[in-house]
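Below: input.csv (CSV, C-alpha atoms and all ligand atoms)
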```csv
chain,number,residue,atom,x,y,z
M,1,MET,CA,-6.0,-17.4,-13.8
M,2,THR,CA,-9.0,-18.9,-12.1
M,3,ALA,CA,-12.6,-18.0,-12.9
M,4,ARG,CA,-14.8,-17.0,-10.0
M,5,ALA,CA,-17.8,-19.1,-9.0
M,6,GLY,CA,-20.8,-18.0,-11.0
M,7,THR,CA,-19.0,-17.3,-14.2
M,8,PRO,CA,-18.4,-20.8,-15.5
M,9,GLY,CA,-15.8,-21.1,-18.3
M,10,ALA,CA,-15.1,-17.4,-18.5
M,11,ALA,CA,-12.3,-15.6,-16.6
M,12,PRO,CA,-13.7,-12.4,-15.2
M,13,GLY,CA,-12.2,-9.1,-16.4
M,14,ALA,CA,-10.6,-6.6,-14.2
M,15,ALA,CA,-13.8,-4.7,-13.5
M,16,GLN,CA,-15.5,-7.7,-12.1
M,17,ARG,CA,-12.6,-8.6,-9.9
M,18,HIS,CA,-12.4,-5.6,-7.6
M,19,THR,CA,-14.8,-2.9,-6.5
M,20,PRO,CA,-13.0,0.4,-5.9
M,21,VAL,CA,-13.6,1.8,-2.3
M,22,LEU,CA,-14.8,5.3,-1.6
M,23,LEU,CA,-14.5,6.0,-5.4
M,24,GLU,CA,-16.5,9.3,-5.6
M,25,ARG,CA,-14.8,10.6,-2.4
M,26,CYS,CA,-11.4,10.0,-3.9
M,27,LEU,CA,-12.3,11.8,-7.1
M,28,ASP,CA,-13.9,14.7,-5.3
M,29,LEU,CA,-10.8,15.2,-3.2
M,30,LEU,CA,-8.5,15.0,-6.2
M,31,ALA,CA,-10.8,17.2,-8.5
M,32,PRO,CA,-9.5,20.7,-7.6
M,33,ALA,CA,-6.0,19.6,-8.7
M,34,LEU,CA,-7.1,18.0,-11.9
M,35,GLN,CA,-10.0,19.9,-13.4
M,36,ASP,CA,-8.6,23.4,-14.3
M,37,VAL,CA,-5.2,22.3,-15.5
M,38,PRO,CA,-4.5,22.0,-19.3
M,39,ALA,CA,-2.9,18.6,-19.2
M,40,PRO,CA,-3.2,17.1,-15.7
M,41,VAL,CA,-1.1,14.1,-14.6
M,42,MET,CA,-2.0,11.7,-11.8
M,43,ILE,CA,0.0,8.8,-10.5
M,44,ASP,CA,-2.1,5.9,-9.3
M,45,GLY,CA,0.5,4.2,-7.0
M,46,THR,CA,-1.7,1.1,-6.6
M,47,LEU,CA,-3.3,0.5,-10.0
M,48,GLY,CA,-4.8,-2.9,-9.1
M,49,MET,CA,-7.7,-3.6,-11.4
M,50,GLY,CA,-7.7,0.0,-12.5
M,51,GLY,CA,-11.1,0.9,-11.1
M,52,HIS,CA,-10.1,4.2,-9.6
M,53,THR,CA,-8.0,5.1,-12.6
M,54,GLU,CA,-10.8,4.3,-15.0
M,55,ALA,CA,-13.2,6.5,-13.2
M,56,ALA,CA,-10.7,9.3,-13.0
M,57,LEU,CA,-9.9,9.1,-16.8
M,58,GLU,CA,-13.7,9.2,-17.5
M,59,ARG,CA,-14.4,12.2,-15.2
M,60,PHE,CA,-11.3,14.3,-16.1
M,61,GLU,CA,-11.1,14.2,-19.9
M,62,ARG,CA,-7.7,15.8,-20.3
M,63,LEU,CA,-6.1,13.6,-17.6
M,64,THR,CA,-3.2,11.3,-18.1
M,65,VAL,CA,-2.7,8.5,-15.5
M,66,ILE,CA,0.5,6.6,-14.8
M,67,GLY,CA,-0.4,3.4,-12.9
M,68,ILE,CA,2.1,1.7,-10.7
M,69,ASP,CA,1.7,-1.9,-9.4
M,70,ARG,CA,4.1,-4.5,-8.1
M,71,ASP,CA,1.8,-7.3,-9.3
M,72,ALA,CA,2.4,-8.2,-13.0
M,73,GLN,CA,-1.0,-9.9,-13.2
M,74,ALA,CA,-2.7,-6.6,-12.0
M,75,ILE,CA,-0.7,-4.6,-14.6
M,76,ALA,CA,-1.8,-6.9,-17.4
M,77,LEU,CA,-5.5,-6.9,-16.5
M,78,ALA,CA,-5.7,-3.2,-15.9
M,79,THR,CA,-3.8,-2.4,-19.1
M,80,GLU,CA,-6.4,-4.5,-21.0
M,81,ARG,CA,-9.2,-2.7,-19.2
M,82,LEU,CA,-7.8,0.8,-19.9
M,83,ALA,CA,-6.6,0.3,-23.5
M,84,ARG,CA,-9.4,2.4,-24.8
M,85,PHE,CA,-7.8,5.5,-23.2
M,86,GLY,CA,-4.7,5.1,-25.5
M,87,PRO,CA,-1.7,7.3,-24.4
M,88,ARG,CA,-3.8,8.8,-21.6
M,89,PHE,CA,-2.9,5.7,-19.5
M,90,GLN,CA,0.6,4.2,-19.0
M,91,ALA,CA,1.4,1.3,-16.7
M,92,VAL,CA,4.7,0.8,-14.7
M,93,HIS,CA,5.5,-2.5,-13.1
M,94,THR,CA,7.4,-1.5,-9.9
M,95,THR,CA,6.8,-0.7,-6.2
M,96,TYR,CA,5.3,2.6,-5.2
M,97,ASP,CA,8.4,3.7,-3.3
M,98,ARG,CA,9.9,4.4,-6.7
M,99,ILE,CA,7.3,7.0,-7.4
M,100,ASP,CA,9.9,9.8,-7.6
M,101,GLU,CA,11.6,8.1,-10.5
M,102,VAL,CA,8.3,7.3,-12.2
M,103,ALA,CA,7.2,10.9,-11.7
M,104,TRP,CA,10.3,12.3,-13.4
M,105,SER,CA,10.6,9.8,-16.2
M,106,HIS,CA,6.9,9.2,-17.1
M,107,ALA,CA,5.1,12.3,-15.9
M,108,GLY,CA,7.8,14.5,-17.6
M,109,GLN,CA,7.0,12.8,-20.8
M,110,ALA,CA,3.3,13.0,-20.3
M,111,ARG,CA,3.6,16.7,-20.0
M,112,ASP,CA,5.7,17.0,-23.2
M,113,GLY,CA,8.8,17.9,-21.3
M,114,GLY,CA,7.0,20.5,-19.3
M,115,PRO,CA,7.7,21.3,-15.6
M,116,GLY,CA,8.1,18.4,-13.2
M,117,GLY,CA,5.6,17.7,-10.5
M,118,VAL,CA,2.5,15.7,-10.9
M,119,ASP,CA,-1.0,17.1,-10.0
M,120,ALA,CA,-2.3,14.2,-8.0
M,121,VAL,CA,-1.2,10.9,-6.4
M,122,LEU,CA,-3.7,8.2,-5.3
M,123,MET,CA,-2.7,5.2,-3.1
M,124,ASP,CA,-5.3,2.5,-2.3
M,125,LEU,CA,-3.1,0.3,-0.1
M,126,GLY,CA,-3.1,-3.4,0.6
M,127,VAL,CA,-4.2,-6.4,-1.5
M,128,SER,CA,-6.8,-6.4,-4.3
M,129,SER,CA,-9.8,-8.7,-4.4
M,130,LEU,CA,-8.0,-10.4,-7.3
M,131,GLN,CA,-5.1,-11.3,-5.1
M,132,LEU,CA,-7.4,-12.6,-2.4
M,133,ASP,CA,-9.5,-14.5,-4.8
M,134,GLU,CA,-6.7,-16.2,-6.7
M,135,VAL,CA,-6.4,-19.3,-4.5
M,136,GLU,CA,-2.9,-20.2,-5.7
M,137,ARG,CA,-1.5,-16.8,-4.6
M,138,GLY,CA,-1.8,-18.1,-1.0
M,139,PHE,CA,-3.2,-14.9,0.6
M,140,SER,CA,-6.4,-16.6,1.9
M,141,TYR,CA,-6.7,-18.9,4.9
M,142,ALA,CA,-10.0,-20.1,3.6
M,143,ARG,CA,-8.7,-22.3,0.8
M,144,PRO,CA,-5.8,-24.7,0.5
M,145,ALA,CA,-2.8,-23.4,-1.5
M,146,PRO,CA,1.0,-23.0,-1.4
M,147,LEU,CA,2.2,-20.4,1.0
M,148,ASP,CA,3.3,-17.7,-1.4
M,149,MET,CA,1.8,-14.3,-0.5
M,150,ARG,CA,4.1,-12.3,-2.6
M,151,MET,CA,2.4,-9.5,-4.4
M,152,ASP,CA,5.2,-9.6,-7.0
M,153,GLN,CA,5.6,-13.3,-7.8
M,154,GLY,CA,8.7,-12.6,-9.8
M,155,SER,CA,10.9,-11.9,-6.8
M,156,GLY,CA,11.3,-11.9,-3.1
M,157,THR,CA,10.8,-14.4,-0.3
M,158,THR,CA,7.6,-16.5,-0.1
M,159,ALA,CA,5.7,-17.0,3.2
M,160,GLN,CA,6.8,-20.6,3.0
M,161,GLU,CA,10.5,-19.6,3.0
M,162,LEU,CA,9.9,-17.1,5.7
M,163,LEU,CA,8.3,-19.7,7.9
M,164,GLU,CA,11.2,-22.1,7.2
M,165,GLN,CA,14.0,-19.6,7.9
M,166,ALA,CA,12.8,-17.2,10.6
M,167,SER,CA,13.8,-17.8,14.2
M,168,GLN,CA,11.1,-18.3,16.9
M,169,GLU,CA,11.8,-14.8,18.2
M,170,GLU,CA,11.4,-13.3,14.7
M,171,LEU,CA,8.1,-15.2,14.3
M,172,VAL,CA,6.8,-13.9,17.6
M,173,TRP,CA,7.8,-10.4,16.6
M,174,ILE,CA,6.1,-10.6,13.1
M,175,LEU,CA,2.9,-12.1,14.5
M,176,ARG,CA,2.7,-9.6,17.3
M,177,THR,CA,3.7,-6.5,15.5
M,178,TYR,CA,2.1,-6.9,12.1
M,179,GLY,CA,-0.9,-9.1,13.2
M,180,GLU,CA,-1.5,-7.7,16.7
M,181,GLU,CA,-1.8,-11.4,17.6
M,182,ARG,CA,-2.0,-12.0,21.3
M,183,PHE,CA,-1.2,-15.7,21.0
M,184,ALA,CA,2.0,-15.0,18.9
M,185,PRO,CA,4.3,-16.9,21.3
M,186,ARG,CA,2.1,-20.1,21.2
M,187,ILE,CA,1.7,-20.0,17.4
M,188,ALA,CA,5.5,-19.3,16.8
M,189,ALA,CA,6.3,-22.2,19.2
M,190,ALA,CA,4.0,-24.5,17.4
M,191,LEU,CA,5.5,-23.5,14.0
M,192,VAL,CA,9.1,-24.1,15.2
M,193,ARG,CA,8.1,-27.4,16.8
M,194,ARG,CA,6.7,-28.7,13.6
M,195,ARG,CA,9.8,-27.5,11.7
M,196,GLU,CA,12.1,-29.3,14.1
M,197,GLU,CA,10.0,-32.5,13.7
M,198,GLY,CA,10.6,-32.3,9.9
M,199,ARG,CA,7.0,-31.5,9.2
M,200,ALA,CA,7.1,-27.7,8.5
M,201,VAL,CA,3.7,-26.3,7.5
M,202,GLY,CA,3.5,-26.5,3.7
M,203,SER,CA,0.1,-24.9,2.8
M,204,THR,CA,-2.4,-22.3,3.7
M,205,ALA,CA,-4.7,-25.0,5.1
M,206,GLU,CA,-2.0,-26.5,7.3
M,207,LEU,CA,-1.1,-23.0,8.6
M,208,ALA,CA,-4.7,-22.1,9.3
M,209,GLU,CA,-5.2,-25.4,11.2
M,210,LEU,CA,-2.0,-25.0,13.2
M,211,VAL,CA,-3.1,-21.5,14.3
M,212,ARG,CA,-6.6,-22.8,15.1
M,213,ALA,CA,-5.1,-25.6,17.3
M,214,SER,CA,-2.6,-23.2,19.0
M,215,VAL,CA,-5.1,-20.6,20.3
M,216,PRO,CA,-7.3,-21.4,23.4
M,217,ALA,CA,-10.8,-22.8,22.6
M,218,ALA,CA,-12.5,-19.7,24.0
M,219,ALA,CA,-10.6,-17.4,21.7
M,220,ARG,CA,-11.6,-19.4,18.7
M,221,ARG,CA,-15.2,-18.4,19.2
M,222,SER,CA,-14.9,-14.7,18.7
M,223,GLY,CA,-13.1,-12.2,16.4
M,224,GLY,CA,-13.4,-14.0,13.1
M,225,HIS,CA,-11.2,-16.9,11.9
M,226,PRO,CA,-8.3,-17.4,14.3
M,227,ALA,CA,-5.8,-17.5,11.4
M,228,LYS,CA,-6.8,-14.0,10.1
M,229,ARG,CA,-4.2,-12.1,12.1
M,230,THR,CA,-1.4,-14.6,11.3
M,231,PHE,CA,-2.1,-14.4,7.6
M,232,GLN,CA,-2.1,-10.6,7.7
M,233,ALA,CA,1.2,-10.5,9.6
M,234,LEU,CA,2.9,-12.8,7.2
M,235,ARG,CA,1.6,-10.9,4.2
M,236,ILE,CA,3.0,-7.6,5.6
M,237,ALA,CA,6.3,-9.2,6.4
M,238,VAL,CA,6.7,-11.1,3.0
M,239,ASN,CA,6.0,-7.8,1.1
M,240,SER,CA,7.8,-5.5,3.5
M,241,GLU,CA,4.6,-3.5,3.3
M,242,LEU,CA,5.3,-1.0,6.0
M,243,ASP,CA,8.9,-0.3,5.1
M,244,VAL,CA,7.9,0.4,1.5
M,245,LEU,CA,5.0,2.6,2.5
M,246,GLN,CA,7.2,4.6,4.8
M,247,ARG,CA,9.7,5.2,2.1
M,248,ALA,CA,7.0,6.0,-0.5
M,249,LEU,CA,4.9,8.7,1.3
M,250,PRO,CA,7.6,11.4,1.4
M,251,ARG,CA,8.5,10.7,-2.2
M,252,ALA,CA,4.9,10.9,-3.2
M,253,LEU,CA,4.6,14.3,-1.5
M,254,ASP,CA,7.8,15.4,-3.2
M,255,ALA,CA,6.4,14.4,-6.6
M,256,LEU,CA,3.5,16.8,-6.3
M,257,ARG,CA,3.5,20.3,-7.6
M,258,VAL,CA,2.3,23.1,-5.3
M,259,GLY,CA,-1.5,22.7,-5.2
M,260,GLY,CA,-1.1,19.0,-6.0
M,261,ARG,CA,-3.1,16.5,-3.9
M,262,LEU,CA,-2.4,13.1,-2.3
M,263,VAL,CA,-5.2,10.7,-1.3
M,264,VAL,CA,-4.4,7.5,0.6
M,265,GLU,CA,-6.7,4.7,1.6
M,266,SER,CA,-5.5,2.3,4.3
M,267,TYR,CA,-7.1,-0.9,5.4
M,268,GLN,CA,-5.3,-1.7,8.7
M,269,SER,CA,-4.2,0.4,11.6
M,270,LEU,CA,-0.4,0.1,11.1
M,271,GLU,CA,-0.6,1.6,7.6
M,272,ASP,CA,-3.1,4.3,8.7
M,273,ARG,CA,-0.8,5.3,11.5
M,274,ILE,CA,2.1,5.9,9.2
M,275,VAL,CA,-0.1,7.9,6.8
M,276,LYS,CA,-1.5,9.9,9.6
M,277,GLN,CA,2.0,10.7,11.0
M,278,VAL,CA,3.5,11.7,7.7
M,279,LEU,CA,0.7,14.0,6.7
M,280,ALA,CA,0.5,15.5,10.2
M,281,ALA,CA,4.3,16.2,10.2
M,282,GLY,CA,3.9,18.0,6.8
M,283,ALA,CA,1.0,20.1,8.1
M,284,ALA,CA,2.8,21.2,11.2
M,285,SER,CA,5.5,23.8,11.7
M,286,ARG,CA,9.0,22.3,12.1
M,287,ALA,CA,10.3,25.2,14.2
M,288,PRO,CA,11.0,24.7,17.9
M,289,GLU,CA,8.1,25.7,20.0
M,290,GLY,CA,8.1,29.3,21.4
M,291,LEU,CA,9.9,30.9,18.5
M,292,PRO,CA,8.3,34.4,18.0
M,293,LEU,CA,8.7,34.2,14.2
M,294,ILE,CA,8.6,31.0,12.2
M,295,PRO,CA,11.2,31.0,9.4
M,296,GLU,CA,9.8,30.3,5.9
M,297,ALA,CA,11.7,27.0,5.7
M,298,ASP,CA,10.1,25.7,8.9
M,299,GLN,CA,6.5,26.4,7.9
M,300,PRO,CA,4.1,23.6,7.0
M,301,TYR,CA,4.2,22.5,3.4
M,302,LEU,CA,0.9,20.5,3.5
M,303,GLU,CA,-2.7,21.4,4.2
M,304,LEU,CA,-4.8,18.5,5.5
M,305,LEU,CA,-7.9,17.9,3.4
M,306,THR,CA,-9.3,15.4,5.9
M,307,HIS,CA,-9.6,15.9,9.6
M,308,GLY,CA,-9.7,12.5,11.1
M,309,ALA,CA,-10.0,9.6,8.6
M,310,ILE,CA,-13.0,9.3,6.2
M,311,LYS,CA,-14.7,5.9,6.5
M,312,ALA,CA,-17.2,4.1,4.3
M,313,ASP,CA,-20.9,4.4,5.1
M,314,ALA,CA,-23.2,1.5,6.0
M,315,GLN,CA,-24.5,1.3,2.4
M,316,GLU,CA,-21.1,0.9,0.9
M,317,ILE,CA,-20.0,-1.6,3.5
M,318,GLU,CA,-23.1,-3.7,2.8
M,319,SER,CA,-22.5,-3.7,-1.0
M,320,ASN,CA,-18.7,-4.1,-0.6
M,321,PRO,CA,-17.6,-5.6,2.8
M,322,ARG,CA,-14.0,-4.9,1.9
M,323,SER,CA,-14.7,-1.2,2.5
M,324,ALA,CA,-15.5,-1.7,6.2
M,325,SER,CA,-11.9,-1.2,7.3
M,326,VAL,CA,-11.0,1.7,5.0
M,327,ARG,CA,-9.5,4.9,6.4
M,328,LEU,CA,-9.0,7.7,3.9
M,329,ARG,CA,-6.7,10.6,4.4
M,330,ALA,CA,-5.8,13.4,2.0
M,331,ALA,CA,-3.5,16.4,1.8
M,332,MET,CA,-2.5,19.2,-0.5
M,333,ARG,CA,1.0,20.5,-1.1
M,334,THR,CA,0.9,24.2,-0.3
M,335,ARG,CA,4.5,25.2,-1.1
M,336,GLU,CA,7.8,24.2,-2.4
M,337,ALA,CA,9.9,23.0,0.6
M,338,LEU,CA,12.8,21.1,1.7
M,339,ARG,CA,12.2,17.5,0.9
M,340,ALA,CA,9.3,15.9,2.8
M,341,PRO,CA,10.5,14.2,6.0
M,342,ALA,CA,11.7,10.7,5.2
M,343,LEU,CA,10.8,9.1,8.6
M,344,GLY,CA,14.4,8.3,9.3
M,345,VAL,CA,14.8,6.0,6.3
M,346,GLU,CA,17.7,6.8,4.1
M,347,ARG,CA,16.7,8.3,0.8
M,348,PRO,CA,19.1,7.2,-2.0
M,349,THR,CA,18.1,9.9,-4.5
M,350,GLY,CA,17.4,13.6,-4.5
M,351,PRO,CA,19.2,16.7,-3.2
M,352,ALA,CA,20.9,16.8,0.2
M,353,PRO,CA,18.8,17.8,3.2
M,354,GLY,CA,18.8,21.6,3.9
M,355,PRO,CA,19.9,23.3,7.0
M,356,HIS,CA,16.7,22.7,8.9
M,357,SER,CA,16.4,19.1,9.9
M,358,PRO,CA,12.7,18.1,9.9
M,359,ARG,CA,11.2,16.7,13.1
M,360,GLN,CA,11.2,12.9,12.5
M,361,PRO,CA,7.9,11.1,13.0
M,362,ARG,CA,8.2,7.6,14.6
M,363,ARG,CA,9.4,4.9,12.3
M,364,ALA,CA,7.2,2.0,11.2
M,365,PRO,CA,8.0,-1.1,13.2
M,366,ARG,CA,10.8,-3.2,11.5
M,367,SER,CA,11.2,-6.9,12.2
M,368,PRO,CA,14.5,-8.1,13.7
M,369,ARG,CA,14.9,-9.9,10.3
M,370,ALA,CA,14.5,-6.7,8.3
M,371,GLN,CA,16.9,-4.9,10.6
M,372,ARG,CA,19.6,-7.6,10.2
M,373,HIS,CA,19.3,-8.0,6.4
M,374,THR,CA,18.8,-5.2,3.9
M,375,ARG,CA,16.4,-7.0,1.7
M,376,ASN,CA,15.1,-6.0,-1.7
M,377,PRO,CA,11.9,-4.2,-0.5
M,378,GLY,CA,9.1,-6.4,-1.6
M,379,GLY,CA,10.8,-7.4,-4.8
M,380,ALA,CA,11.3,-3.9,-6.2
M,381,HIS,CA,12.9,-4.0,-9.6
M,382,ARG,CA,16.1,-2.2,-8.8
X,401,LIG,C1,-6.4,-2.3,-3.1
X,401,LIG,S1,-5.6,-2.7,-4.6
X,401,LIG,C2,-5.9,-1.3,-5.6
X,401,LIG,C3,-7.2,-1.4,-6.3
X,401,LIG,C4,-7.5,-0.3,-7.3
X,401,LIG,N1,-7.6,1.0,-6.7
X,401,LIG,C5,-8.7,-0.5,-8.1
X,401,LIG,O1,-9.6,0.3,-8.1
X,401,LIG,O2,-8.8,-1.5,-8.8
X,401,LIG,C6,-4.0,-2.5,-4.1
X,401,LIG,C7,-3.0,-2.8,-5.2
X,401,LIG,O3,-1.8,-2.2,-4.8
X,401,LIG,C8,-0.7,-3.1,-5.2
X,401,LIG,N2,0.4,-2.8,-4.3
X,401,LIG,C9,0.4,-3.1,-3.0
X,401,LIG,N3,1.6,-2.7,-2.4
X,401,LIG,C10,2.3,-2.1,-3.5
X,401,LIG,C11,3.6,-1.5,-3.6
X,401,LIG,N4,4.4,-1.4,-2.5
X,401,LIG,N5,3.9,-1.0,-4.8
X,401,LIG,C12,3.1,-1.1,-5.9
X,401,LIG,N6,1.9,-1.7,-5.8
X,401,LIG,C13,1.5,-2.2,-4.7
X,401,LIG,C14,-1.3,-4.5,-5.1
X,401,LIG,O4,-0.6,-5.4,-5.9
X,401,LIG,C15,-2.7,-4.3,-5.5
X,401,LIG,O5,-2.9,-4.6,-6.9
```

Here is a file; write its structure as structure tokens.
Ligand SMILES: C[S@@+](CC[C@H](N)C(=O)[O-])C[C@H]1O[C@@H](n2cnc3c(N)ncnc32)[C@H](O)[C@@H]1O
Amino acid sequence: MTARAGTPGAAPGAAQRHTPVLLERCLDLLAPALQDVPAPVMIDGTLGMGGHTEAALERFERLTVIGIDRDAQAIALATERLARFGPRFQAVHTTYDRIDEVAWSHAGQARDGGPGGVDAVLMDLGVSSLQLDEVERGFSYARPAPLDMRMDQGSGTTAQELLEQASQEELVWILRTYGEERFAPRIAAALVRRREEGRAVGSTAELAELVRASVPAAARRSGGHPAKRTFQALRIAVNSELDVLQRALPRALDALRVGGRLVVESYQSLEDRIVKQVLAAGAASRAPEGLPLIPEADQPYLELLTHGAIKADAQEIESNPRSASVRLRAAMRTREALRAPALGVERPTGPAPGPHSPRQPRRAPRSPRAQRHTRNPGGAHR
């Protein structure tokens, strides 16, 4: 673990490594589901450094939190930070698309065998400041490091392996779709050329320089570092972030009791679009338009708690620049229903779908590589 500049000799604790975004807004939105319940249970699907969880445990004194993270280092640091809460906090090292299993196995226990269904789910998506700051994790274009970018360093394909194995067409697709990079064909061509010359890029610094050299000089002068979008795209691809999110959201909604609340914070438009679609689908009737009477089974099962996404204000952005891109959306489960729509992704567990097939929101974009190979999603421990 590397110590941050300014704290010579001492590795910073979890609290110093990441500032939770829109903290009070998250807790206020979750409060009605947590405060008048005898033994409320929340799943934090993205535990990270445990900042949101710590504040929730402090504010709601009967609350138990089950914290999920795919990053073993985050689990270790947050567990240390939250040890003072004893059995009110439990950590699970897995991906958040396994939230249904976690809800049944852990939340059931937390409720002493009481009814299933958790009271709240929080998801603060993306990478933590810890991951960005740890140079050797390879997430940052600013400092030289091996090209890893896996959130779970115990499994999955590294960015280096992806760059060595992907075809030019796949690279273009990844850069364009996940990075919205307009110079994707030039960058992909340069990557493949270097590979064919036996000099494949081997570090974050080499990749950042290759991208800089591949984009036209005029484009280098605006929109931040020219490698920013390429690094984002590779990170999303390496961790199958959109596929995992797409699987996770319906399962998170199914884990909630009636009256339970889901809060999701996204930091880039592809994620936010998926969240928006899933919540909008649950808040809309699934009956064909024009029916005089909407059958119970087709009625909405969610109430939107946010209309449009909530953003950070200027003050928060100034003190925590990471909050500049946040988009927060929240919903409440209003009734038992058929399972939440699964966005066309096959769900391996749970009961068979009922007679009314839900309207399917659009799928998240999947790379040609992901479509060809069924890969372990982001190194989930299956
Ligand atoms: C933005 S941070 C969360 C910070 C946390 N709210 C806090 O206050 O400290 C996001 C965390 O989610 C984790 N993560 C991202 N994708 C995940 C996934 N699919 N499953 C589980 N954890 C994931 C990352 O490893 C990271 O630690």

- Task: Find the residues with any atom within 6 Å of (-0.9, 4.4, -4.4); use all atoms listed in the file and the coordinates as given in the file, and write the answer as an MDAnalysis selection string.
- Result: chainID M and resid 44:46 122:124

Those residues with C-alpha atoms, as an mmCIF file, keeping the file's coordinate frame please?
```
data_model
loop_
_atom_site.group_PDB
_atom_site.id
_atom_site.type_symbol
_atom_site.label_atom_id
_atom_site.label_comp_id
_atom_site.auth_asym_id
_atom_site.auth_seq_id
_atom_site.Cartn_x
_atom_site.Cartn_y
_atom_site.Cartn_z
ATOM 1 C CA ASP M 44 -2.100 5.900 -9.300
ATOM 2 C CA GLY M 45 0.500 4.200 -7.000
ATOM 3 C CA THR M 46 -1.700 1.100 -6.600
ATOM 4 C CA LEU M 122 -3.700 8.200 -5.300
ATOM 5 C CA MET M 123 -2.700 5.200 -3.100
ATOM 6 C CA ASP M 124 -5.300 2.500 -2.300
#
```

- Residue neighbourhood M:Gly202, 12 Å, all atoms listed in the file, exclusion window fewer than 5 positions, as a PyMOL selection string: chain M and resi 138+144-148+158-164+191+194-195+207-210

May I have a table of the residues of chain M lying at most 7 Å from ligand LIG 401 (chain X), giving each one's closest pair of atoms and their distance in Å to one decimal, counting all atoms listed in the file, ordered by chain and ascending residue number, as CSV?
```
residue,atom,partner,partner_atom,distance
M:His18,CA,X:LIG401,O2,5.6
M:Thr19,CA,X:LIG401,O1,6.3
M:Pro20,CA,X:LIG401,O1,4.1
M:Gly45,CA,X:LIG401,C12,6.0
M:Thr46,CA,X:LIG401,O3,3.8
M:Leu47,CA,X:LIG401,C4,5.1
M:Gly48,CA,X:LIG401,O5,3.4
M:Met49,CA,X:LIG401,O2,3.5
M:Gly50,CA,X:LIG401,O2,4.1
M:Gly51,CA,X:LIG401,O1,3.4
M:His52,CA,X:LIG401,O1,4.2
M:Thr53,CA,X:LIG401,O1,6.8
M:Ile68,CA,X:LIG401,C12,5.6
M:Asp69,CA,X:LIG401,N6,3.6
M:Arg70,CA,X:LIG401,C12,4.2
M:Asp71,CA,X:LIG401,O4,4.6
M:Ala74,CA,X:LIG401,O5,5.5
M:Thr94,CA,X:LIG401,C12,5.9
M:Thr95,CA,X:LIG401,N5,3.2
M:Tyr96,CA,X:LIG401,N5,3.9
M:Asp97,CA,X:LIG401,N4,6.5
M:Asp124,CA,X:LIG401,C1,5.0
M:Leu125,CA,X:LIG401,C6,5.0
M:Gly126,CA,X:LIG401,C6,4.9
M:Val127,CA,X:LIG401,C6,4.7
M:Ser128,CA,X:LIG401,S1,3.9
M:Met151,CA,X:LIG401,O4,5.3
M:Glu241,CA,X:LIG401,N4,6.2
M:Val244,CA,X:LIG401,N4,5.6
M:Leu245,CA,X:LIG401,N4,6.4
M:Gly378,CA,X:LIG401,N4,6.9
```

- Check the smallest atom-to-atom distance from each of M:Leu279, M:Val41, M:Ala190, M:Val326 to M:Leu304 using all atoms listed in the file, then report the winner. M:Leu279

- Any idea what's packed within 8 Å of M:Ala120, counting all atoms listed in the file, ignoring anything in its chain fewer than 5 positions away? Could you give it as number ranges by chain? M: 30, 33-34, 41-43, 256, 260-262
